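Heads up, the thing below is written out as structure tokens.
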Amino acid sequence: MQFSAAQIAMLINGKTEGDPNATVSNFGKIEEAVAGQLAFLANPKYEEYLYTTGASVIIINETQELRQPISSTLVRVPDAYTAFATLLTKYQEIEAQQLTGIQEPSYRAKTAQLGDRIFIGAFAYIGENVIVGNNVKIHPQVYLGNNVRIGDNVVLHPGVKIYHNCVVGSNVTIHAGSVIGSDGFGFAPQTDGSFKKVPQIGNVEIEDYVEIGANVAIDRATMGSTVIRTGAKLDNLIQIAHNVDIGHHTVIAAQAGISGSTKIGSRVMIGGQAGIVGHLQIADGARINAQSGVTKSIKSQGGAVTGTPAYEYTSALRSQAISRNLPDLEKRLKELEEQIRQLCP
Amino acid sequence: MQFSAAQIAMLINGKTEGDPNATVSNFGKIEEAVAGQLAFLANPKYEEYLYTTGASVIIINETQELRQPISSTLVRVPDAYTAFATLLTKYQEIEAQQLTGIQEPSYRAKTAQLGDRIFIGAFAYIGENVIVGNNVKIHPQVYLGNNVRIGDNVVLHPGVKIYHNCVVGSNVTIHAGSVIGSDGFGFAPQTDGSFKKVPQIGNVEIEDYVEIGANVAIDRATMGSTVIRTGAKLDNLIQIAHNVDIGHHTVIAAQAGISGSTKIGSRVMIGGQAGIVGHLQIADGARINAQSGVTKSIKSQGGAVTGTPAYEYTSALRSQAISRNLPDLEKRLKELEEQIRQLCP
Amino acid sequence: MQFSAAQIAMLINGKTEGDPNATVSNFGKIEEAVAGQLAFLANPKYEEYLYTTGASVIIINETQELRQPISSTLVRVPDAYTAFATLLTKYQEIEAQQLTGIQEPSYRAKTAQLGDRIFIGAFAYIGENVIVGNNVKIHPQVYLGNNVRIGDNVVLHPGVKIYHNCVVGSNVTIHAGSVIGSDGFGFAPQTDGSFKKVPQIGNVEIEDYVEIGANVAIDRATMGSTVIRTGAKLDNLIQIAHNVDIGHHTVIAAQAGISGSTKIGSRVMIGGQAGIVGHLQIADGARINAQSGVTKSIKSQGGAVTGTPAYEYTSALRSQAISRNLPDLEKRLKELEEQIRQLCP
């Protein structure tokens, strides 16, 4: 798609400065952009590139003064960064709307009900009694097991696997390779030292406006549901065990893991590679630092923890600081011992 | 499928109490179940739900006394939890037996030998000289490289990838997205600072009754085999490097990683996100705490370790406890220093 | 394929000893090898197997003396290990060259440009305007989004997913299940507590001679490119966030994670399960220990760190050592306190 500076100005309520017919067909960073690209300048640190960039059109703050002549067309707006993000979002929406239709070969069970304006990529698999809403993009090699339900405006990237009976709300995006609804890890120890599988007959329920990264694993509940609530955002390679409940608008960074039956509150922030043991309650707004190992429930709203085992953030940092000076501490102790020895020979 | 209370009683050697013709078609937790669902009561904590649940049929301990009238049909057994699990297992077996046949399009090399009563899902790929046993379920989008051998009663969930020459025993389950037999991470440093790949020509051997979670990666051996022994259970997102040997009935929680050539004994328990460096020996029955970093072999059977670097569990816990009080320890040290200064001015 | 001892000797400039017509068709470890297999002896520790092995042909050092009669044919070379690795590499090259052609069904957009001598496996998906070089192996169930470019001699193992606009150089290998180009994890907090997605319109650029393990996730840049530079080697289950830049010949072990916009220098070594926070600079040749949590840039070339938070390796080890003896340290402190109490009652 190609846009003129004038069209862009119209989309973001801006004012052109320079040639309004300059056209762009994609995006670039101001320091790297070439002719035919659209860039933006929001951070004053990058002002120098304004005079050297190859970008044909630049979105810029109303208040930005020019100290040298420039060849690009400017589109001036109150807030260049927000305007640029808005434009990108619109652009991606337009692109996405164009993606519809059914590629062959794909597998669609006769009992599946498919909504309007959907895309089904080649080698996608849609099982028995699946229900798919409107405006859904099912990319190539996706798997939807029997009885899966998918809401409206959902994007399932290539190779996503959703096991039978799982439920996905509306406006959800799941990235490539993620697995939703694999069996929870439940095995009963037997007297001979072996383990017997505990059947996992629950499902996973993903509510609306959830985004899930690549190669994530979310296990189905033993009974009932593993739940990811509205607006939660999960990064890549995350482990969510059976019967976990992730609260509204909670954000989890990559490679974190939540053990079985733990209930995470709303608007919790969980850092990368953090781990939380099973059967805990994490209060709303809690903040769990990267690589922490949480072994106890967090009861105070907004409580922050760090370390393994994790405890309160500020005092943990103090202990960590002294921990680095342990050789010095030991030296001081030795000196005292020596002085005492001289005092009480 | 629908079952009457009488049929359920027969399957689990129970005695009905109430309407033996009450029917159920699926399962629910006693606190959430609705009409048409089967629930169970084992934990006395949940007794109150017995009188309010919508479940049509409830499996219950023989000894459970009723303190209020109830509307559900009861099936009384000596141990409600075990009976319920038995029932679930039978139910899943019946369901699984119904899944047979070959969906199209799927790719089956002419030289592949396929057993009886198997299921091959659409877009599954079966390479040259593959041998598949009886009662095997190969779900959609699975890949079996050349010369792969699969035993009886194996379930390969959607998108599992098994590289050439790997061997899977009988009664094995592998969940979606897991990769078996990728190249081990072997690169020889060159004098110019680059690395040269060391060919990885071994394979992976998975013995019987193994279960592997979703998005796991198990590398093939440089030479010989990476081995997962009978009855081992692996959770999701686990890394098993080349030439590792995992003992019988060893259990590994999610996101743990085992480095190259390490030999893990039988009935070892490895916690989530734990890491074990290469070329170690871990004794039978050892217990490795979550997030531990094991840098030395564990020689004593049943030895328990925690921390990074990991050491003996009880003394590590003691050190951790003091570690949290380091600010206090330092304060005491300062006071002593002050007192000594006053004594020896 | 079958080779005689004489042919092997020719391939690796060796000298046969024994029957030059002895033939082998695959490889084995000297301690396990059976008739028809080729083994090697480099490590003197394994000499005893020389006299008991079933291997038909053994590659052996020129200088190795025999203390018993042996039945295998020997091929003597200056360095048995290197000769064996060379042979394996040649063998794999020959095998790989034989893999060409297009399996059906596969999906190739009409606008895709495909090089010579390529292999496309069944259920592979090649989107619009994709450009693929010569001698490329695209295994079954691979996905290449629109406008993806792939150089020469690339191997994409089963199920690799490469999103639109990403670029892969020449001589690159990517293992099964890895995802290249998923959206970066960027969400702007809104005043109502929810998050709004920041569009991720950059791409991933993988340069030449890179190897990437199984089930890795590499996110596309918000703008510009996430870059993996020439010769870098990534193990399995690694997370690379948006706008990260990995330097030449840097080696990253399994389950490590690099947060957004961090720039890793050349020839850096990153241990397994290590984590690096965002927006850092890691100097060339730095060494980051397994499970470390790096929270600050590493400025000195070759700097080594360990721990969470990570600091300088040697002093961190010293602190860790004392940390284990904290109970003893506290006991000594108590004794001093007691002595002081007696001195100043």
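To be explicit about the labels: the chains of the structure tokens are called A, B, and onward in the order shown, and within each one the residues are counted from 1, while ligands get numbers from 1 in the order they are shown.
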
* Output the contact residues of chain C with respect to chain B at a cut-off of 9 Å, based on only C-alpha atoms, as an NGL selection string. => :C and (27-29 or 32 or 85-86 or 88-89 or 92 or 104-105 or 122-123 or 140-141 or 157-159 or 175-177 or 213-215 or 231-237 or 248-250 or 253-255 or 267 or 272-273 or 290-291 or 307 or 320 or 323-327 or 330 or 333 or 336-337 or 340 or 343-344)

* From segment 45-240 of chain B, collect each residue whose DSSP state is strand (DSSP E) and return the set as a PyMOL selection string. => chain B and resi 57-61+73-77+101-102+107-108+113-114+119-120+125-126+131-132+137-138+143-144+149-150+155-156+161-162+167-168+173-174+179-182+187-189+195-197+203-206+211-212+217-219+225-228+233-234+239-240

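By only C-alpha atoms, and with residues fewer than 4 positions from Leu11 of chain A along its chain excluded, the set lying at most 12 Å from it is A:Phe3, A:Ser4, A:Ala5, A:Ala6, A:Gln7, A:Lys15, A:Thr16, A:Ile59, A:Val75, A:Val77, A:Ala83, A:Phe84, A:Ala85, A:Thr86, A:Leu87, A:Leu88, A:Thr89, A:Lys90, A:Tyr91.
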
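The list of residues with at least one atom within 12 Å of Ile298 of chain A, based on only C-alpha atoms and without residues fewer than 3 positions apart in the same chain, reads A:Thr262, A:Lys263, A:Ile264, A:Gly265, A:Val268, A:Ile276, A:Val277, A:His279, A:Leu280, A:Gln281, A:Ile282, A:Ala283, A:Asp284, A:Gly285, A:Ala286, A:Arg287, A:Ile288, A:Val294, A:Thr295, A:Gln301, A:Gly302, A:Gly303, A:Ala304, A:Val305, A:Thr306, A:Ala310, A:Tyr311, A:Glu312, A:Tyr313.
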
* Asked: Could you pull out all residues of segment 33-167 of chain A with a DSSP call of helix (DSSP H, G or I) and give them as a list in words?
  ->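 Taking segment 33-167 of chain A and keeping helix (DSSP H, G or I) only, one gets Pro44, Lys45, Tyr46, Glu47, Glu48, Tyr49, Leu50, Tyr51, Ala80, Tyr81, Thr82, Ala83, Phe84, Ala85, Thr86, Leu87, Leu88, Thr89, Lys90, Tyr91, Gln92, Glu93, Ile94, Glu95, Ala96, Gln97 and Gln98 of chain A.
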
* For the atom pair atom CA of Ile270 of chain C and atom CA of Ser170 of chain C, what is the interatomic distance in Å to one decimal place? -> 24.0 Å

* To do: Name all residues at most 6 Å from Tyr209 of chain B (count only C-alpha atoms; drop same-chain ones fewer than 2 positions away) and give them as a ChimeraX atom specification.
  => /B:171-172,230-231

* **Atomic separation - atom CA of Val130 of chain A relative to atom CA of Val204 of chain A, Å** => 14.8 Å

* Quick one: residues within 10 Å of segment 65-68 of chain B, only C-alpha atoms counted, chain neighbours fewer than 4 positions away excluded, as a ChimeraX atom specification? -> /B:47-48,50-51,60-61

Could you write out the selected residues, including N, CA, C and O atoms, as a compact mmCIF listing (two decimals), in the first residue's frame?
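What follows is the written file selection_0.txt:
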```
# COMPACT_ATOMS: atom_id res chain seq x y z
N GLU B 47 -17.90 -30.83 52.11
CA GLU B 47 -19.18 -31.49 52.37
C GLU B 47 -20.37 -30.57 52.12
O GLU B 47 -21.41 -31.01 51.62
N GLU B 48 -20.24 -29.30 52.49
CA GLU B 48 -21.38 -28.37 52.34
C GLU B 48 -21.97 -28.39 50.92
O GLU B 48 -23.17 -28.23 50.73
N LEU B 50 -22.32 -30.78 48.97
CA LEU B 50 -23.12 -31.97 48.77
C LEU B 50 -24.61 -31.64 48.75
O LEU B 50 -25.40 -32.26 48.03
N TYR B 51 -24.98 -30.62 49.52
CA TYR B 51 -26.39 -30.29 49.70
C TYR B 51 -26.86 -29.21 48.73
O TYR B 51 -28.03 -28.91 48.64
N ILE B 60 -19.17 -41.04 46.28
CA ILE B 60 -18.99 -40.61 47.67
C ILE B 60 -18.47 -41.78 48.49
O ILE B 60 -18.70 -42.95 48.15
N ASN B 61 -17.75 -41.47 49.58
CA ASN B 61 -17.23 -42.54 50.44
C ASN B 61 -18.38 -43.27 51.14
O ASN B 61 -19.35 -42.64 51.56
```

* Within 6 Å of Thr226 of chain B, counting only C-alpha atoms, which residues show up once you throw out same-chain ones fewer than 2 positions away? Write them as number ranges by chain, please. => B: 204, 220-221, 242-245

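Atom CA of Phe40 of chain C lies 12.8 Å from atom CA of Ala9 of chain C.
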